[in-house]
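Novice: As input, take upload12.cif (mmCIF, C-alpha atoms):
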data_my_file
loop_
_atom_site.label_atom_id
_atom_site.label_comp_id
_atom_site.auth_asym_id
_atom_site.auth_seq_id
_atom_site.Cartn_x
_atom_site.Cartn_y
_atom_site.Cartn_z
CA MET G 1 18.16 14.16 34.32
CA ALA G 2 21.44 14.46 36.13
CA GLU G 3 23.66 15.48 33.26
CA LYS G 4 22.74 18.48 31.16
CA ILE G 5 22.72 17.70 27.46
CA SER G 6 22.92 20.54 24.95
CA ASN G 7 20.09 20.95 22.46
CA LYS G 8 22.58 20.55 19.65
CA SER G 9 23.67 17.09 20.71
CA VAL G 10 20.03 16.15 21.38
CA LEU G 11 19.31 16.91 17.74
CA PHE G 12 22.47 15.61 16.10
CA ASN G 13 23.55 12.61 18.20
CA PRO G 14 20.85 10.31 16.77
CA PHE G 15 22.20 10.92 13.24
CA SER G 16 25.21 8.73 13.78
CA LYS G 17 26.66 8.23 17.29
CA ASP G 18 23.30 7.31 18.82
CA ASN G 19 21.43 6.26 15.68
CA PRO G 20 18.18 4.47 16.58
CA VAL G 21 18.58 1.83 13.87
CA LEU G 22 22.37 1.35 13.77
CA VAL G 23 23.23 1.65 17.42
CA GLN G 24 20.02 1.01 19.33
CA ILE G 25 18.75 -1.52 16.73
CA LEU G 26 15.18 -0.23 17.02
CA GLY G 27 12.52 -0.03 14.30
CA ILE G 28 14.12 -2.75 12.20
CA CYS G 29 10.79 -4.30 11.16
CA SER G 30 9.65 -1.32 9.15
CA VAL G 31 13.11 -0.96 7.60
CA LEU G 32 12.60 -4.42 6.13
CA ALA G 33 9.10 -3.71 4.90
CA VAL G 34 9.10 -0.31 3.22
CA THR G 35 12.54 -0.10 1.61
CA VAL G 36 11.89 -1.91 -1.68
CA LYS G 37 11.41 1.45 -3.40
CA LEU G 38 12.86 4.85 -2.54
CA GLU G 39 9.62 6.87 -2.69
CA PRO G 40 7.63 4.99 0.00
CA ALA G 41 10.78 4.92 2.14
CA ILE G 42 11.02 8.72 2.02
CA VAL G 43 7.32 9.14 2.82
CA MET G 44 7.63 6.63 5.65
CA GLY G 45 10.65 8.54 7.01
CA LEU G 46 8.77 11.86 6.91
CA SER G 47 5.76 10.26 8.62
CA VAL G 48 7.92 8.87 11.41
CA ILE G 49 9.66 12.25 11.88
CA ALA G 50 6.26 13.98 12.17
CA VAL G 51 4.75 11.45 14.56
CA LEU G 52 7.90 11.26 16.69
CA ALA G 53 8.32 15.04 16.97
CA PHE G 54 4.69 15.79 17.81
CA SER G 55 4.18 12.88 20.20
CA ASN G 56 7.38 13.89 22.01
CA VAL G 57 6.12 17.47 22.35
CA ILE G 58 2.63 16.46 23.49
CA ILE G 59 3.91 13.96 26.05
CA SER G 60 6.48 16.45 27.27
CA LEU G 61 3.77 19.11 27.71
CA ILE G 62 1.53 16.85 29.79
CA ARG G 63 4.35 14.86 31.45
CA THR G 64 3.75 16.31 34.92
CA THR G 65 0.03 15.50 34.85
CA ILE G 66 0.26 11.87 33.69
CA PRO G 67 -0.58 9.33 36.42
CA THR G 68 2.45 7.00 36.61
CA ASN G 69 0.53 3.75 36.49
CA ILE G 70 -1.15 4.50 33.15
CA ARG G 71 1.67 6.41 31.47
CA ILE G 72 2.24 3.77 28.78
CA ILE G 73 -1.47 3.82 27.91
CA VAL G 74 -1.42 7.61 27.70
CA GLN G 75 1.63 7.47 25.41
CA LEU G 76 -0.03 4.87 23.21
CA VAL G 77 -3.24 6.88 22.89
CA VAL G 78 -1.30 9.96 21.82
CA VAL G 79 0.86 8.03 19.34
CA ALA G 80 -2.09 6.10 17.92
CA GLY G 81 -4.06 9.30 17.44
CA LEU G 82 -1.18 10.97 15.59
CA VAL G 83 -0.52 7.91 13.41
CA VAL G 84 -4.17 7.69 12.34
CA MET G 85 -4.06 11.40 11.45
CA VAL G 86 -0.90 10.95 9.35
CA SER G 87 -2.42 7.96 7.58
CA GLN G 88 -5.60 9.97 6.85
CA PHE G 89 -3.53 12.85 5.47
CA LEU G 90 -1.56 10.53 3.20
CA GLU G 91 -4.77 8.95 1.94
CA ALA G 92 -6.07 12.40 1.07
CA TYR G 93 -2.93 13.98 -0.39
CA ALA G 94 -0.61 11.13 -1.48
CA TYR G 95 -2.98 8.32 -2.38
CA ALA G 96 -0.62 6.26 -4.54
CA VAL G 97 2.10 6.18 -1.87
CA SER G 98 -0.38 5.47 0.92
CA LYS G 99 -1.60 2.47 -1.08
CA GLN G 100 1.98 1.19 -1.40
CA LEU G 101 2.69 1.67 2.29
CA SER G 102 -0.70 0.15 3.21
CA VAL G 103 -0.54 -1.12 6.79
CA PHE G 104 2.98 0.06 7.52
CA ILE G 105 1.90 3.61 8.32
CA SER G 106 -0.51 2.24 10.93
CA LEU G 107 2.31 0.06 12.23
CA ILE G 108 4.30 3.19 13.17
CA ILE G 109 2.30 2.83 16.40
CA THR G 110 4.31 -0.25 17.25
CA ASN G 111 7.65 1.24 16.15
CA CYS G 112 9.89 0.77 19.16
CA ILE G 113 11.72 4.06 18.50
CA LEU G 114 8.55 5.95 19.45
CA MET G 115 7.93 4.30 22.80
CA GLY G 116 11.65 4.39 23.48
CA ARG G 117 11.96 8.15 22.97
CA LEU G 118 8.73 8.90 24.86
CA GLU G 119 9.78 6.86 27.88
CA ALA G 120 13.45 7.79 27.86
CA PHE G 121 13.31 11.43 26.86
CA ALA G 122 9.95 13.18 26.61
CA MET G 123 8.77 12.03 30.07
CA ALA G 124 11.75 13.79 31.64
CA ASN G 125 12.45 16.81 29.46
CA ARG G 126 10.90 20.13 28.45
CA PRO G 127 8.94 20.43 25.16
CA TRP G 128 11.64 22.16 23.05
CA PRO G 129 14.44 19.62 23.68
CA SER G 130 11.83 16.86 23.28
CA PHE G 131 10.85 18.25 19.90
CA LEU G 132 14.52 18.31 18.83
CA ASP G 133 14.99 14.77 20.15
CA GLY G 134 12.00 13.58 18.13
CA VAL G 135 13.18 15.28 14.95
CA GLY G 136 16.75 14.01 15.46
CA ASN G 137 15.74 10.40 16.02
CA GLY G 138 13.24 10.58 13.17
CA ILE G 139 15.94 11.82 10.82
CA GLY G 140 18.40 9.23 12.10
CA TYR G 141 15.85 6.54 11.27
CA SER G 142 15.00 8.07 7.89
CA ILE G 143 18.66 8.26 6.81
CA ILE G 144 19.00 4.49 7.18
CA LEU G 145 15.66 3.91 5.48
CA VAL G 146 16.71 6.01 2.50
CA ILE G 147 20.16 4.42 2.21
CA VAL G 148 18.70 0.90 2.31
CA ALA G 149 15.94 1.80 -0.17
CA PHE G 150 18.49 3.42 -2.48
CA PHE G 151 20.50 0.21 -2.81
CA ARG G 152 17.47 -2.08 -2.92
CA GLU G 153 15.70 -0.11 -5.67
CA LEU G 154 18.89 0.45 -7.68
CA LEU G 155 20.02 -3.18 -7.60
CA GLY G 156 16.58 -4.81 -7.41
CA SER G 157 14.63 -2.81 -9.98
CA GLY G 158 17.29 -0.78 -11.83
CA THR G 159 15.36 2.41 -11.05
CA LEU G 160 15.52 5.29 -8.58
CA LEU G 161 12.27 7.03 -7.53
CA GLY G 162 10.68 5.14 -10.42
CA TYR G 163 13.06 6.52 -13.07
CA GLN G 164 15.16 4.06 -15.04
CA VAL G 165 18.86 4.56 -14.18
CA VAL G 166 20.42 1.33 -15.39
CA PRO G 167 20.80 1.92 -19.13
CA ASP G 168 19.02 -0.41 -21.57
CA ALA G 169 22.42 -1.20 -23.07
CA ALA G 170 23.39 -2.91 -19.82
CA TYR G 171 20.35 -5.20 -19.99
CA GLU G 172 21.13 -6.03 -23.60
CA ALA G 173 24.68 -6.90 -22.54
CA GLY G 174 23.27 -9.46 -20.12
CA TYR G 175 22.81 -7.48 -16.90
CA VAL G 176 19.91 -8.77 -14.80
CA ASN G 177 18.19 -7.06 -11.87
CA ASN G 178 18.84 -8.91 -8.62
CA GLY G 179 15.41 -10.26 -7.63
CA LEU G 180 16.76 -11.12 -4.20
CA MET G 181 17.11 -7.40 -3.41
CA ILE G 182 13.31 -7.04 -3.55
CA LEU G 183 12.76 -9.71 -0.90
CA PRO G 184 12.83 -8.79 2.82
CA PRO G 185 16.00 -10.73 3.82
CA MET G 186 18.17 -8.44 1.70
CA ALA G 187 17.00 -5.42 3.72
CA LEU G 188 18.40 -7.10 6.81
CA ILE G 189 21.69 -7.84 5.04
CA VAL G 190 21.96 -4.27 3.72
CA VAL G 191 21.28 -2.90 7.23
CA ALA G 192 23.95 -5.25 8.59
CA CYS G 193 26.43 -3.97 5.98
CA ILE G 194 25.65 -0.37 6.96
CA ILE G 195 26.17 -1.24 10.63
CA TRP G 196 29.49 -2.88 9.73
CA VAL G 197 30.73 0.20 7.85
CA HIS G 198 29.40 2.49 10.60
CA ARG G 199 31.14 0.55 13.38
CA SER G 200 34.44 0.43 11.56
CA PHE G 201 34.41 4.24 11.50
CA ASN G 202 33.24 4.55 15.13
CA LYS G 203 35.77 2.60 17.16
CA ASP G 204 34.11 3.44 20.50
CA LEU G 205 30.94 1.55 19.47
CA GLN G 206 32.83 -1.69 18.92
CA ASP G 207 32.55 -4.42 21.53
CA LYS G 208 35.78 -5.15 23.31
CA MET V 1 -5.57 21.81 47.59
CA LYS V 2 -3.02 19.48 46.12
CA ILE V 3 -4.43 16.86 43.76
CA ASN V 4 -3.33 13.29 44.38
CA LYS V 5 -2.15 12.25 40.92
CA GLN V 6 -1.92 8.58 41.85
CA SER V 7 -5.52 8.28 43.03
CA ASN V 8 -7.99 6.12 41.12
CA VAL V 9 -10.42 8.96 40.56
CA TYR V 10 -7.73 11.18 39.03
CA THR V 11 -6.53 8.33 36.82
CA ILE V 12 -10.02 7.53 35.52
CA ILE V 13 -10.93 11.17 34.87
CA TYR V 14 -7.56 11.73 33.20
CA ILE V 15 -7.95 8.86 30.75
CA ILE V 16 -11.57 9.79 29.96
CA VAL V 17 -10.62 13.38 29.15
CA LEU V 18 -7.64 12.22 27.08
CA VAL V 19 -9.67 9.75 25.04
CA VAL V 20 -12.43 12.31 24.42
CA VAL V 21 -9.90 14.92 23.24
CA VAL V 22 -8.04 12.48 20.96
CA GLY V 23 -11.33 11.07 19.67
CA ALA V 24 -12.62 14.53 18.81
CA ALA V 25 -9.38 15.38 17.01
CA LEU V 26 -9.59 12.16 14.97
CA ALA V 27 -13.25 12.70 14.12
CA PHE V 28 -12.46 16.21 12.94
CA THR V 29 -9.55 15.00 10.75
CA SER V 30 -11.62 12.21 9.28
CA ILE V 31 -14.59 14.43 8.42
CA SER V 32 -12.52 17.22 6.93
CA LEU V 33 -10.48 14.84 4.71
CA ARG V 34 -13.20 12.38 3.71
CA GLU V 35 -14.21 14.14 0.51
CA ARG V 36 -10.65 14.15 -0.84
CA GLN V 37 -10.11 10.51 0.14
CA GLN V 38 -13.25 9.39 -1.64
CA ALA V 39 -12.27 11.39 -4.73
CA ASN V 40 -8.86 9.65 -4.65
CA ALA V 41 -10.41 6.20 -4.31
CA ALA V 42 -12.79 6.91 -7.19
CA ALA V 43 -9.95 8.20 -9.38
CA ASP V 44 -7.93 5.09 -8.56
CA LYS V 45 -10.83 2.85 -9.60
CA MET V 46 -11.29 4.86 -12.81
CA SER V 47 -7.61 4.48 -13.72
CA GLN V 48 -7.86 0.69 -13.20
CA ILE V 49 -10.91 0.47 -15.48
CA LEU V 50 -9.05 2.52 -18.10
CA ALA V 51 -5.96 0.33 -17.73
CA SER V 52 -8.00 -2.69 -18.87
CA ILE V 53 -8.61 -0.94 -22.22
CA ASP V 54 -4.92 0.02 -22.34
CA ILE V 55 -5.40 3.71 -21.57
CA HIS V 56 -3.02 5.14 -18.98
CA PRO V 57 -3.82 8.79 -18.23
CA SER V 58 -1.61 10.95 -16.01
CA ALA V 59 -2.75 11.46 -12.43
CA ASP V 60 -4.41 14.83 -13.13
CA SER V 61 -6.38 13.75 -16.18
CA ILE V 62 -7.96 10.53 -14.92
CA ALA V 63 -11.48 11.95 -14.50
CA ALA V 64 -11.33 13.66 -17.90
CA ALA V 65 -10.08 10.50 -19.63
CA TYR V 66 -12.72 8.43 -17.86
CA SER V 67 -15.56 10.64 -19.08
CA THR V 68 -14.08 10.59 -22.60
CA TYR V 69 -13.75 6.83 -22.96
CA VAL V 70 -16.33 5.33 -20.61
CA THR V 71 -19.67 6.13 -22.21
CA GLY V 72 -21.88 4.43 -19.68
CA SER V 73 -22.16 1.92 -16.88
CA PHE V 74 -25.02 -0.35 -15.90
CA ALA V 75 -25.68 -3.49 -13.91
CA VAL V 76 -27.02 -6.81 -15.15
CA ASP V 77 -28.16 -9.99 -13.41
CA SER V 78 -27.00 -13.53 -14.17
CA ARG V 79 -29.80 -13.97 -16.75
CA GLY V 80 -28.40 -11.05 -18.73
CA ASN V 81 -31.23 -8.62 -17.88
CA ARG V 82 -30.44 -5.09 -16.87
CA ILE V 83 -31.08 -4.11 -13.26
CA GLU V 84 -32.51 -0.61 -13.08
CA GLY V 85 -31.77 1.91 -10.34
CA VAL V 86 -28.27 0.64 -9.47
CA ASP V 87 -25.17 2.81 -9.74
CA ALA V 88 -22.75 0.29 -11.25
CA PHE V 89 -19.68 2.27 -10.15
CA ASP V 90 -20.62 1.90 -6.47
CA VAL V 91 -21.30 -1.85 -6.55
CA ASP V 92 -19.01 -3.72 -4.14
CA VAL V 93 -17.61 -6.40 -6.46
CA THR V 94 -15.86 -8.27 -3.63
CA ALA V 95 -19.12 -8.68 -1.69
CA GLN V 96 -21.01 -9.64 -4.87
CA SER V 97 -18.46 -12.30 -5.81
CA LYS V 98 -19.31 -14.19 -2.61
CA LEU V 99 -23.08 -14.31 -3.26
CA PRO V 100 -24.87 -17.13 -5.09
CA VAL V 101 -24.81 -16.47 -8.83
CA GLU V 102 -28.57 -15.77 -9.13
CA GLN V 103 -28.43 -12.99 -6.53
CA ARG V 104 -25.49 -11.08 -7.93
CA ILE V 105 -25.54 -7.54 -9.23
CA LEU V 106 -23.01 -7.47 -12.07
CA PRO V 107 -21.56 -4.10 -13.10
CA VAL V 108 -20.65 -3.44 -16.74
CA TYR V 109 -18.70 -0.42 -18.01
CA GLN V 110 -19.31 0.45 -21.64
CA CYS V 111 -16.33 2.14 -23.29
CA ARG V 112 -15.76 3.70 -26.68
CA LEU V 113 -12.19 3.94 -27.92
CA ALA V 114 -10.80 6.73 -30.07
CA ASP V 115 -11.42 4.64 -33.21
CA GLY V 116 -15.12 4.21 -32.29
CA ALA V 117 -14.83 0.53 -31.24
CA VAL V 118 -17.09 -0.40 -28.31
CA LYS V 119 -15.64 -2.43 -25.43
CA TYR V 120 -17.27 -3.80 -22.28
CA VAL V 121 -15.25 -3.79 -19.07
CA LEU V 122 -16.15 -6.36 -16.42
CA PRO V 123 -14.79 -6.20 -12.84
CA MET V 124 -13.41 -9.23 -10.97
CA SER V 125 -12.46 -9.91 -7.38
CA GLY V 126 -10.88 -12.94 -5.73
CA THR V 127 -8.11 -14.10 -3.43
CA GLY V 128 -4.45 -14.85 -4.10
CA LEU V 129 -1.97 -16.40 -1.71
CA TRP V 130 -1.66 -13.66 0.94
CA GLY V 131 -4.72 -11.50 0.36
CA PRO V 132 -7.22 -10.07 -2.08
CA ILE V 133 -6.58 -9.84 -5.81
CA TRP V 134 -8.83 -8.01 -8.26
CA GLY V 135 -8.92 -6.89 -11.84
CA TYR V 136 -10.84 -5.71 -14.85
CA ILE V 137 -11.18 -7.46 -18.18
CA SER V 138 -12.35 -5.75 -21.35
CA VAL V 139 -14.28 -7.61 -24.03
CA ASP V 140 -14.94 -6.64 -27.65
CA ALA V 141 -18.44 -5.77 -28.83
CA ASP V 142 -18.86 -9.37 -30.07
CA GLY V 143 -18.94 -10.48 -26.42
CA THR V 144 -16.29 -13.16 -26.79
CA THR V 145 -12.89 -11.72 -27.77
CA VAL V 146 -10.88 -10.32 -24.88
CA TYR V 147 -9.46 -6.89 -25.63
CA GLY V 148 -7.33 -6.35 -22.54
CA ALA V 149 -6.99 -7.09 -18.84
CA TYR V 150 -5.72 -5.45 -15.70
CA PHE V 151 -4.84 -7.24 -12.47
CA ALA V 152 -3.87 -5.92 -9.07
CA HIS V 153 -3.14 -7.40 -5.68
CA GLN V 154 -2.71 -6.26 -2.12
CA GLY V 155 0.31 -8.21 -0.94
CA GLU V 156 1.37 -11.08 -3.19
CA THR V 157 5.02 -12.13 -3.10
CA PRO V 158 7.25 -9.67 -5.02
CA GLY V 159 8.80 -11.27 -8.08
CA LEU V 160 6.44 -14.28 -7.91
CA GLY V 161 2.70 -13.86 -7.38
CA ALA V 162 3.00 -10.08 -7.63
CA GLU V 163 3.93 -10.50 -11.30
CA ILE V 164 0.20 -10.71 -12.14
CA GLU V 165 0.10 -6.91 -12.12
CA LYS V 166 2.81 -6.69 -14.80
CA PRO V 167 1.79 -6.15 -18.45
CA ARG V 168 3.79 -9.27 -19.33
CA PHE V 169 1.10 -11.34 -17.60
CA SER V 170 -2.02 -9.33 -18.43
CA ALA V 171 -1.06 -8.84 -22.11
CA GLN V 172 -1.49 -12.59 -22.62
CA PHE V 173 -5.26 -12.18 -22.29
CA THR V 174 -5.59 -10.03 -25.40
CA GLY V 175 -7.23 -12.01 -28.20
CA LYS V 176 -8.38 -14.90 -26.00
CA LYS V 177 -11.96 -16.14 -26.46
CA LEU V 178 -14.65 -16.50 -23.80
CA PHE V 179 -16.85 -18.80 -25.94
CA ASP V 180 -15.75 -21.93 -27.78
CA SER V 181 -16.76 -22.87 -31.33
CA GLY V 182 -19.97 -24.47 -29.99
CA ASP V 183 -20.96 -21.17 -28.32
CA ILE V 184 -20.38 -22.61 -24.85
CA PHE V 185 -18.89 -20.21 -22.25
CA VAL V 186 -15.31 -21.17 -21.31
CA PRO V 187 -13.60 -19.09 -18.61
CA ILE V 188 -9.96 -18.44 -19.46
CA ALA V 189 -7.79 -20.87 -17.52
CA VAL V 190 -4.41 -20.02 -16.00
CA VAL V 191 -2.29 -23.12 -16.59
CA LYS V 192 1.19 -24.46 -15.93
CA GLY V 193 3.56 -25.04 -18.83
CA GLY V 194 3.43 -22.29 -21.39
CA SER V 195 3.93 -24.26 -24.58
CA ASP V 196 0.32 -24.63 -25.68
CA THR V 197 -1.14 -21.39 -24.31
CA VAL V 198 -0.21 -19.26 -27.32
CA ALA V 199 -2.32 -21.43 -29.65
CA ASN V 200 -5.02 -22.21 -27.08
CA PRO V 201 -7.65 -19.42 -27.11
CA HIS V 202 -8.95 -20.36 -23.65
CA ALA V 203 -5.76 -20.45 -21.56
CA VAL V 204 -2.87 -18.26 -20.48
CA ASP V 205 0.49 -19.19 -19.00
CA GLY V 206 0.61 -19.01 -15.20
CA ILE V 207 3.52 -17.61 -13.23
CA SER V 208 6.31 -19.99 -12.25
CA GLY V 209 6.73 -19.88 -8.50
CA GLY V 210 3.40 -18.09 -8.15
CA THR V 211 1.21 -21.17 -8.33
CA ILE V 212 -1.34 -20.21 -5.68
CA THR V 213 -1.71 -16.68 -7.04
CA SER V 214 -2.06 -18.04 -10.60
CA LYS V 215 -4.72 -20.47 -9.43
CA GLY V 216 -6.42 -17.58 -7.62
CA VAL V 217 -6.54 -15.60 -10.86
CA GLY V 218 -8.04 -18.61 -12.67
CA ALA V 219 -10.64 -19.14 -9.95
CA MET V 220 -11.44 -15.41 -9.92
CA ILE V 221 -12.02 -15.38 -13.70
CA ASP V 222 -14.24 -18.45 -13.45
CA ASN V 223 -16.23 -17.14 -10.48
CA CYS V 224 -16.64 -13.55 -11.68
CA LEU V 225 -17.03 -13.91 -15.46
CA THR V 226 -19.24 -17.01 -15.71
CA PRO V 227 -22.30 -15.10 -14.35
CA TYR V 228 -21.89 -12.69 -17.29
CA SER V 229 -22.15 -15.48 -19.88
CA LEU V 230 -25.81 -14.85 -20.79
CA PHE V 231 -25.20 -11.10 -20.95
CA LEU V 232 -22.17 -11.61 -23.20
CA LYS V 233 -24.10 -14.04 -25.40
CA SER V 234 -26.81 -11.41 -25.90
CA LEU V 235 -24.32 -8.90 -27.31
#
Can you dump the structure from the file as structure tokens?

Specialist:
Amino acid sequence: MAEKISNKSVLFNPFSKDNPVLVQILGICSVLAVTVKLEPAIVMGLSVIAVLAFSNVIISLIRTTIPTNIRIIVQLVVVAGLVVMVSQFLEAYAYAVSKQLSVFISLIITNCILMGRLEAFAMANRPWPSFLDGVGNGIGYSIILVIVAFFRELLGSGTLLGYQVVPDAAYEAGYVNNGLMILPPMALIVVACIIWVHRSFNKDLQDK
Amino acid sequence: MKINKQSNVYTIIYIIVLVVVVGAALAFTSISLRERQQANAAADKMSQILASIDIHPSADSIAAAYSTYVTGSFAVDSRGNRIEGVDAFDVDVTAQSKLPVEQRILPVYQCRLADGAVKYVLPMSGTGLWGPIWGYISVDADGTTVYGAYFAHQGETPGLGAEIEKPRFSAQFTGKKLFDSGDIFVPIAVVKGGSDTVANPHAVDGISGGTITSKGVGAMIDNCLTPYSLFLKSL
């Protein structure tokens, strides 16, 4: 890479300025699917951080040996292997959550953030910065996941992490949970609202 | 000697080595975690069986609660005779539900509640709108009165078909009858329009907006409980 980027910005840029969901608009599909409740969203976020960090390190370690014409296949094999391992671990140690997430853990394989980071960063950088890049992007993704899930669970089910937070008195007074929040389209609308707020604070991201 | 990394031989050897290494790592993970995964799946099944008799133990006490309340399990055939040498807990209900009635192995879980009442829990498996649905129904010792029910699904629509897993739906089954006054087996129907279901002992109110899932529940009850009719009659 021509320009030298500091490790600090590699780790922290994806949180906001270069956020994979808000700015690069990657990994939207899983944001829609797993954000109905906060708990699966957090587990999903942690899984993506783990897969992203380790696949970045592994690809970075073997980057000089990979034959160019099969590099995408090599990346996929590494990612798929890691995703299956994560899914096996969840099944063994967090069975209830793994049942809720069902196929979406396996679908991390197709999460565009992964291939994006492997191609754009790990193939060209040393293992330590690649690890930080993976962790940073994973966290950037997880932040959005958690924010979206927070609003969807609060407004859609009246709970947070399964605990009732909307008081019973409110229901007696006529408050009703918004069933629309549970359906996938609202995830898209919540993400759009977050992007709107984010852009209005980051003038340089706005289109001229 | 410098290796040509773009040559075909290098590429083929590289991918073979990579796949073998990843495959070995996966095999190792799978083998070392299998025992825990199977224990989890068994505990999950136990908690579903217990849910049909309205017992909801905490995650750590599922096995203990199961051994307290479930006093035995056995399998019967469609003529009501016991099948020996079958572990009822391991019977694949989904596969059985697709066989002709005469060939089915039908698991029964015998439970004893804290007050000494005996209940029989019968498993069910069917399809909803998007994927599989399944459940357990518990019947009193008289073989006709439903004590409780539990339903679950893989991916029915939230707020519509997915409502079958809520107590509001399953609680309707309590007190329903599986045999009519003439001792003929009547599977509980899931019907539209709730007005007459409270008085009708053979029907429950379906879910508005979840028509296909409701129909799936009805079909599942018919398909999976009818083979038990001779067994239930013999109780």

Novice: Could you tell me which residues the PyMOL selection byres ((chain G) within 9 of (chain V)) returns for this structure, as a list in words?

Specialist: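 Taken over the shown coordinates, the PyMOL selection byres ((chain G) within 9 of (chain V)) returns Thr65, Ile66, Pro67, Thr68, Asn69, Ile70, Ile73, Val74, Val77, Val78, Gly81, Leu82, Val84, Met85, Gln88, Phe89, Glu91, Ala92, Tyr93, Ala94, Tyr95, Ala96, Lys99, Gln100, Ser102, Gly179, Leu180, Ile182 and Leu183 of chain G.
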
Novice: I need the output of the PyMOL selection byres ((chain V and resi 70) around 7) for this file as a list in words; which residues are they?

Specialist: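 Given this file, the PyMOL selection byres ((chain V and resi 70) around 7) evaluates to Tyr66, Ser67, Thr68, Tyr69, Thr71, Gly72, Tyr109, Gln110, Cys111 and Arg112 of chain V.
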
Novice: Translate the PyMOL selection byres ((chain G and resi 12-14) around 10), as applied to the file shown, into an explicit residue set as a list in words.

Specialist: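 The output of the PyMOL selection byres ((chain G and resi 12-14) around 10) on this file is Asn7, Lys8, Ser9, Val10, Leu11, Phe15, Ser16, Lys17, Asp18, Asn19, Pro20, Val21, Leu22, Val23, Gln24, Leu132, Asp133, Gly134, Val135, Gly136, Asn137, Gly138, Ile139, Gly140 and Tyr141 of chain G.
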
Novice: With distances taken over only C-alpha atoms, which residue among V:Gly148, V:Gly143, V:Gly116, V:Gly218 lies nearest Asp183 (chain V)?

Specialist: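 Of all the options, V:Gly143 lies closest to Asp183 (chain V).
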
Novice: Which is closer to Leu38 (chain G) than all the others in G:Phe150, G:Tyr171, G:Tyr163, G:Phe201, using all atoms listed in the file?

Specialist: G:Phe150

Novice: Take every atom of region 47-52 of chain G listed in the file, pad by 6 Å on each side, and give me the axis-aligned box centre and edge lengths in Å, one decimal, as JSON.

Specialist:
{"center_x": 7.2, "center_y": 11.4, "center_z": 12.7, "size_x": 16.9, "size_y": 17.1, "size_z": 20.1}

Novice: Quick one: residues within 10 Å of Lys45 (chain V), only C-alpha atoms counted, chain neighbours fewer than 6 positions away excluded, as an NGL selection string?

Specialist: :V and (39 or 51 or 62 or 89)

Novice: Could you tell me how far CA of Val190 (chain G) sits from CA of Gly156 (chain G), in Å to one decimal place?

Specialist: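 Pair CA of Gly156 (chain G) / CA of Val190 (chain G) returns 12.4 Å.
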
Novice: What's the 12 Å shell around region 178-181 of chain V, counting only C-alpha atoms, without same-chain residues fewer than 6 positions away, as number ranges by chain?

Specialist: V: 137-140, 142-147, 187-189, 200-203, 221-222, 225-226, 228-230, 232-233

Novice: In Å, with one decimal, what is the gap from CA of Asp54 (chain V) to CA of Asp205 (chain V)?

Specialist: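 About the pair CA of Asp54 (chain V) and CA of Asp205 (chain V): they are 20.2 Å apart.
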
Novice: So how many Å separate CA of Glu165 (chain V) and CA of Lys98 (chain V), to one decimal?

Specialist: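 Straight-line distance from CA of Glu165 (chain V) to CA of Lys98 (chain V) works out to 22.8 Å.
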
Novice: Excluding Ser125 (chain V) and its own-chain neighbours fewer than 3 positions away, which residues fall within 9 Å of it when counting all atoms listed in the file? Please give them as a PyMOL selection string.

Specialist: chain V and resi 93-97+132-136+217+220-221+223-224

Novice: Of the residues G:Pro185, G:Pro127, G:Gly158, G:Pro167, which is the one nearest to Ile62 (chain G), using only C-alpha atoms?

Specialist: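 Among G:Pro185, G:Pro127, G:Gly158, G:Pro167, it is G:Pro127 that comes nearest to Ile62 (chain G).
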